[in-house]
file target.cif (mmCIF, C-alpha atoms (C1' of nucleotides))
data_coords
#
loop_
_atom_site.label_atom_id
_atom_site.label_comp_id
_atom_site.auth_asym_id
_atom_site.auth_seq_id
_atom_site.Cartn_x
_atom_site.Cartn_y
_atom_site.Cartn_z
CA MET I 1 109.40 118.84 116.96
CA LYS I 2 107.73 115.94 118.62
CA ASP I 3 104.19 117.02 118.40
CA ASN I 4 102.40 116.72 121.63
CA PHE I 5 100.39 113.99 120.02
CA PHE I 6 103.31 111.64 119.64
CA GLN I 7 104.74 112.51 123.02
CA ARG I 8 101.37 111.78 124.55
CA VAL I 9 101.30 108.36 122.98
CA TYR I 10 104.83 107.57 124.04
CA GLU I 11 104.15 108.75 127.53
CA VAL I 12 101.07 106.60 127.87
CA VAL I 13 102.84 103.56 126.51
CA ARG I 14 105.72 104.11 128.88
CA GLN I 15 103.28 104.27 131.76
CA VAL I 16 101.77 100.96 130.92
CA PRO I 17 102.20 98.76 134.00
CA HIS I 18 104.47 95.80 133.76
CA GLY I 19 102.70 92.64 132.75
CA ARG I 20 99.85 94.66 131.33
CA VAL I 21 98.76 95.50 127.80
CA THR I 22 96.82 98.24 126.11
CA THR I 23 95.24 98.83 122.75
CA TYR I 24 95.60 101.50 120.10
CA GLY I 25 91.97 102.47 120.30
CA LEU I 26 92.16 102.85 124.05
CA ILE I 27 95.16 105.11 123.81
CA ALA I 28 93.63 107.10 121.00
CA ASN I 29 90.50 107.35 123.06
CA SER I 30 92.39 108.70 126.03
CA LEU I 31 94.14 111.15 123.78
CA GLY I 32 90.79 112.52 122.83
CA THR I 33 91.04 111.31 119.26
CA ARG I 34 88.67 108.40 119.28
CA GLY I 35 88.74 106.51 116.03
CA SER I 36 92.17 107.78 115.16
CA ALA I 37 93.80 104.68 116.51
CA ARG I 38 95.91 104.77 113.37
CA MET I 39 97.75 107.74 114.74
CA VAL I 40 98.74 105.72 117.75
CA GLY I 41 100.15 103.05 115.49
CA TRP I 42 101.76 105.72 113.41
CA ALA I 43 103.33 107.23 116.49
CA MET I 44 104.60 103.83 117.41
CA ASN I 45 106.12 103.58 113.99
CA ALA I 46 108.22 106.57 114.96
CA CYS I 47 108.88 105.12 118.40
CA HIS I 48 112.07 103.74 116.98
CA GLY I 49 113.51 107.21 117.38
CA GLU I 50 112.44 107.26 121.00
CA ASP I 51 114.07 105.49 123.88
CA ASP I 52 112.29 102.94 125.98
CA ILE I 53 108.95 102.40 124.35
CA PRO I 54 107.39 99.06 125.31
CA ALA I 55 105.50 98.89 122.07
CA HIS I 56 105.09 95.19 122.63
CA ARG I 57 102.54 96.08 125.26
CA VAL I 58 100.51 97.90 122.67
CA ILE I 59 98.29 95.65 120.63
CA ASN I 60 95.10 95.93 118.67
CA ARG I 61 91.54 95.54 119.91
CA GLN I 62 91.62 91.83 119.19
CA GLY I 63 94.63 91.31 121.41
CA LEU I 64 96.57 90.34 118.34
CA LEU I 65 100.22 91.25 118.02
CA THR I 66 99.68 93.04 114.76
CA GLY I 67 102.84 95.09 115.01
CA LYS I 68 105.13 92.22 115.77
CA HIS I 69 106.65 92.58 112.35
CA HIS I 70 107.99 95.95 113.29
CA PHE I 71 110.00 94.76 116.24
CA GLY I 72 112.71 93.54 113.97
CA GLN I 73 111.84 90.01 114.88
CA ILE I 74 108.41 88.49 114.89
CA ASN I 75 108.95 86.23 117.87
CA LEU I 76 110.41 89.05 119.87
CA MET I 77 107.09 90.67 120.72
CA GLN I 78 105.56 87.47 121.98
CA GLN I 79 108.71 86.67 123.90
CA LEU I 80 108.59 90.02 125.62
CA LEU I 81 104.96 89.63 126.59
CA GLU I 82 105.48 86.14 127.87
CA SER I 83 108.50 87.41 129.73
CA GLU I 84 106.19 89.73 131.60
CA GLY I 85 103.92 86.92 132.58
CA ILE I 86 101.44 87.54 129.81
CA GLU I 87 100.14 84.42 128.18
CA VAL I 88 100.42 84.70 124.44
CA ILE I 89 99.25 81.99 122.11
CA ASP I 90 99.46 82.19 118.35
CA ASP I 91 100.37 85.88 118.50
CA GLN I 92 97.26 86.46 120.53
CA VAL I 93 97.19 87.68 124.12
CA GLN I 94 95.18 85.52 126.47
CA ASN I 95 93.11 86.98 129.29
CA LEU I 96 93.12 90.20 127.32
CA GLU I 97 90.32 91.78 129.31
CA LYS I 98 92.15 90.94 132.49
CA LEU I 99 95.46 92.30 131.28
CA LEU I 100 93.96 95.17 129.38
CA TRP I 101 95.03 98.48 130.76
CA ASP I 102 92.89 101.48 129.97
CA PRO I 103 94.92 104.71 130.28
CA SER I 104 91.89 106.96 130.22
CA LYS I 105 90.51 104.87 133.03
CA GLU I 106 93.48 103.83 135.10
CA LEU I 107 95.37 106.98 134.37
CA ASP I 108 94.06 110.34 135.49
CA MET I 109 95.02 112.41 132.52
CA ARG I 110 92.88 115.34 133.42
CA VAL I 111 95.36 117.55 131.64
"C1'" DT O 1 99.90 121.67 96.76
"C1'" DA O 2 97.97 117.19 96.42
"C1'" DT O 3 97.98 112.13 96.87
"C1'" DG O 4 99.02 107.96 99.32
"C1'" DT O 5 100.00 105.39 103.18
"C1'" DG O 6 99.55 103.55 108.01
"C1'" DA O 7 101.54 98.59 114.15
"C1'" DC O 8 93.32 100.45 113.96
"C1'" DA O 9 88.41 100.87 115.02
"C1'" DT O 10 83.72 100.98 114.08
"C1'" DC O 11 79.48 100.71 111.24
"C1'" DA O 12 76.75 98.67 107.58
"C1'" DA O 13 75.13 95.02 104.67
"C1'" DC S 1 77.97 84.86 111.91
"C1'" DT S 2 81.36 87.16 108.05
"C1'" DT S 3 83.08 90.44 104.81
"C1'" DG S 4 83.44 95.18 103.00
"C1'" DA S 5 83.77 99.90 103.25
"C1'" DT S 6 84.61 104.30 105.73
"C1'" DG S 7 86.74 107.53 109.14
"C1'" DC S 8 90.60 109.38 111.69
"C1'" DC S 9 94.93 112.45 111.88
"C1'" DA S 10 99.67 112.93 110.86
"C1'" DC S 11 103.59 112.08 108.01
"C1'" DA S 12 106.16 110.91 103.53
"C1'" DT S 13 106.73 111.49 98.81
#

call {"tool": "encode", "arguments": {"input": "target.cif", "output": "C-alpha coordinates"}}
result
Amino acid sequence: MKDNFFQRVYEVVRQVPHGRVTTYGLIANSLGTRGSARMVGWAMNACHGEDDIPAHRVINRQGLLTGKHHFGQINLMQQLLESEGIEVIDDQVQNLEKLLWDPSKELDMRV
DNA sequence: TATGTGACATCAA
DNA sequence: CTTGATGCCACAT
(Lines of atoms letter the chains of each structure in order from A and count residues from 1; the text may use other names and numbers.)
(Lines give C-alpha, C1' and ligand atoms only; values in the text may rest on other atoms or scores of the structure.)
Protein backbone atom coordinates (compact mmCIF):
# COMPACT_ATOMS: atom_id res chain seq x y z
CA MET A 1 0.00 0.00 0.00
CA LYS A 2 1.24 3.46 0.64
CA ASP A 3 0.84 4.93 -2.74
CA ASN A 4 3.87 6.72 -3.89
CA PHE A 5 1.85 9.87 -3.62
CA PHE A 6 1.50 9.69 0.13
CA GLN A 7 5.06 8.52 0.63
CA ARG A 8 6.23 11.45 -1.43
CA VAL A 9 4.35 13.86 0.75
CA TYR A 10 5.62 12.29 3.94
CA GLU A 11 9.13 12.27 2.65
CA VAL A 12 9.02 15.92 1.74
CA VAL A 13 7.53 16.88 5.07
CA ARG A 14 10.17 14.89 6.88
CA GLN A 15 12.85 16.71 4.93
CA VAL A 16 11.58 20.07 5.97
CA PRO A 17 14.48 21.81 7.73
CA HIS A 18 14.15 22.52 11.39
CA GLY A 19 12.71 25.92 12.13
CA ARG A 20 11.26 26.09 8.65
CA VAL A 21 7.75 25.74 7.28
CA THR A 22 6.16 24.75 4.01
CA THR A 23 2.75 24.92 2.44
CA TYR A 24 0.40 22.36 0.96
CA GLY A 25 0.39 24.02 -2.41
CA LEU A 26 4.16 24.07 -2.52
CA ILE A 27 4.37 20.40 -1.74
CA ALA A 28 1.64 19.56 -4.20
CA ASN A 29 3.46 21.65 -6.73
CA SER A 30 6.68 19.78 -6.19
CA LEU A 31 4.83 16.53 -6.48
CA GLY A 32 3.73 17.57 -9.90
CA THR A 33 0.10 17.88 -8.91
CA ARG A 34 -0.34 21.60 -8.79
CA GLY A 35 -3.74 22.57 -7.51
CA SER A 36 -4.20 19.28 -5.74
CA ALA A 37 -3.02 20.71 -2.48
CA ARG A 38 -5.95 18.88 -0.95
CA MET A 39 -4.18 15.63 -1.51
CA VAL A 40 -1.29 16.87 0.56
CA GLY A 41 -3.66 17.67 3.38
CA TRP A 42 -5.36 14.36 2.85
CA ALA A 43 -2.03 12.59 3.03
CA MET A 44 -1.32 14.42 6.23
CA ASN A 45 -4.62 13.20 7.54
CA ALA A 46 -3.22 9.71 7.16
CA CYS A 47 0.12 10.79 8.61
CA HIS A 48 -1.16 9.57 11.93
CA GLY A 49 -0.32 6.09 10.73
CA GLU A 50 3.18 7.19 9.89
CA ASP A 51 6.01 7.80 12.28
CA ASP A 52 7.72 11.14 12.60
CA ILE A 53 5.78 13.51 10.44
CA PRO A 54 6.30 17.15 11.46
CA ALA A 55 2.91 18.11 10.14
CA HIS A 56 3.10 21.21 12.26
CA ARG A 57 5.59 22.53 9.75
CA VAL A 58 3.02 22.17 7.03
CA ILE A 59 0.60 25.06 6.83
CA ASN A 60 -1.58 26.68 4.24
CA ARG A 61 -0.67 29.44 1.81
CA GLN A 62 -1.72 32.08 4.30
CA GLY A 63 0.68 30.78 6.91
CA LEU A 64 -2.30 29.87 9.02
CA LEU A 65 -2.23 26.77 11.17
CA THR A 66 -5.35 25.38 9.59
CA GLY A 67 -4.66 21.82 10.63
CA LYS A 68 -3.98 22.57 14.25
CA HIS A 69 -7.22 20.90 15.16
CA HIS A 70 -5.87 17.61 13.96
CA PHE A 71 -2.88 17.56 16.26
CA GLY A 72 -5.03 16.42 19.10
CA GLN A 73 -4.52 19.75 20.76
CA ILE A 74 -4.94 23.13 19.17
CA ASN A 75 -2.14 24.83 21.05
CA LEU A 76 0.23 22.01 20.30
CA MET A 77 0.95 23.06 16.74
CA GLN A 78 1.78 26.61 17.69
CA GLN A 79 3.86 25.40 20.58
CA LEU A 80 5.88 23.17 18.29
CA LEU A 81 6.51 25.95 15.81
CA GLU A 82 7.50 28.38 18.49
CA SER A 83 9.70 25.69 19.94
CA GLU A 84 11.59 25.68 16.67
CA GLY A 85 12.12 29.39 16.80
CA ILE A 86 9.22 30.20 14.52
CA GLU A 87 7.21 33.19 15.58
CA VAL A 88 3.55 32.33 15.62
CA ILE A 89 0.89 34.84 16.51
CA ASP A 90 -2.80 34.10 16.54
CA ASP A 91 -2.24 30.76 14.81
CA GLN A 92 -0.42 32.60 12.08
CA VAL A 93 3.25 32.16 11.23
CA GLN A 94 5.22 35.38 11.12
CA ASN A 95 7.99 35.98 8.60
CA LEU A 96 6.32 33.33 6.50
CA GLU A 97 8.22 34.21 3.35
CA LYS A 98 11.45 34.04 5.28
CA LEU A 99 10.64 30.71 6.89
CA LEU A 100 8.89 29.31 3.87
CA TRP A 101 10.65 26.29 2.50
CA ASP A 102 9.98 25.35 -1.08
CA PRO A 103 10.74 21.65 -1.66
CA SER A 104 10.64 21.93 -5.43
CA LYS A 105 13.13 24.73 -5.10
CA GLU A 106 15.33 23.83 -2.18
CA LEU A 107 15.05 20.15 -2.82
CA ASP A 108 16.36 18.62 -6.01
CA MET A 109 13.69 16.08 -6.64
CA ARG A 110 14.68 15.39 -10.18
CA VAL A 111 13.31 11.91 -9.76
C1' DT B 1 -20.56 1.59 -9.00
C1' DA B 2 -21.47 6.16 -7.52
C1' DT B 3 -21.49 9.99 -4.20
C1' DG B 4 -19.36 12.74 -0.68
C1' DT B 5 -15.67 14.51 1.75
C1' DG B 6 -11.09 16.77 2.61
C1' DA B 7 -5.29 19.94 7.35
C1' DC B 8 -5.97 23.87 -0.06
C1' DA B 9 -5.28 26.89 -4.04
C1' DT B 10 -6.58 29.74 -7.66
C1' DC B 11 -9.77 32.36 -10.68
C1' DA B 12 -13.81 35.22 -11.40
C1' DA B 13 -17.17 38.64 -10.23
C1' DC C 1 -10.69 45.29 -1.42
C1' DT C 2 -14.03 40.89 -0.37
C1' DT C 3 -16.81 36.92 -1.22
C1' DG C 4 -18.14 32.91 -4.06
C1' DA C 5 -17.43 29.19 -6.90
C1' DT C 6 -14.49 25.65 -9.17
C1' DG C 7 -10.64 22.27 -9.67
C1' DC C 8 -7.62 18.67 -7.98
C1' DC C 9 -6.81 13.58 -6.72
C1' DA C 10 -7.39 10.01 -3.46
C1' DC C 11 -9.98 7.75 0.06
C1' DA C 12 -14.32 6.41 2.77
C1' DT C 13 -18.91 5.02 2.82

call {"tool": "atom_distance", "arguments": {"input": "target.cif", "atom1": "CA of Asn4 (chain I)", "atom2": "CA of Ile53 (chain I)"}}
result
16.0 Å

call {"tool": "resolve_selection", "arguments": {"input": "target.cif", "expression": "the PyMOL selection byres ((chain I and resi 59) around 12)", "output": "count of residues only"}}
result
41

call {"tool": "residues_around", "arguments": {"input": "target.cif", "residues": "DC11 (chain O)", "least_positions_apart": "5", "cutoff": "12 Å", "atoms": "only C-alpha atoms (C1' of nucleotides)", "output": "PyMOL selection string"}}
result
(chain I and resi 35) or (chain S and resi 4-7)

call {"tool": "closest_atom_pairs", "arguments": {"input": "target.cif", "of": "chain S", "to": "chain I", "cutoff": "8 Å", "atoms": "all atoms listed in the file", "output": "CSV"}}
result
residue,atom,partner,partner_atom,distance
S:DG7,C1',I:Gly35,CA,7.2
S:DC8,C1',I:Ser36,CA,4.1
S:DC9,C1',I:Met39,CA,6.2
S:DA10,C1',I:Met39,CA,6.8

call {"tool": "atom_distance", "arguments": {"input": "target.cif", "atom1": "C1' of DC11 (chain S)", "atom2": "CA of Ala28 (chain I)"}}
result
17.1 Å

call {"tool": "axis_aligned_box", "arguments": {"input": "target.cif", "around": "region 35-40 of chain I", "padding_each_side": "5 Å", "output": "lines of an AutoDock Vina configuration file"}}
result
center_x = 93.7
center_y = 106.2
center_z = 115.6
size_x = 20.0
size_y = 13.1
size_z = 14.4

call {"tool": "atom_distance", "arguments": {"input": "target.cif", "atom1": "CA of Glu11 (chain I)", "atom2": "C1' of DT13 (chain S)"}}
result
29.0 Å
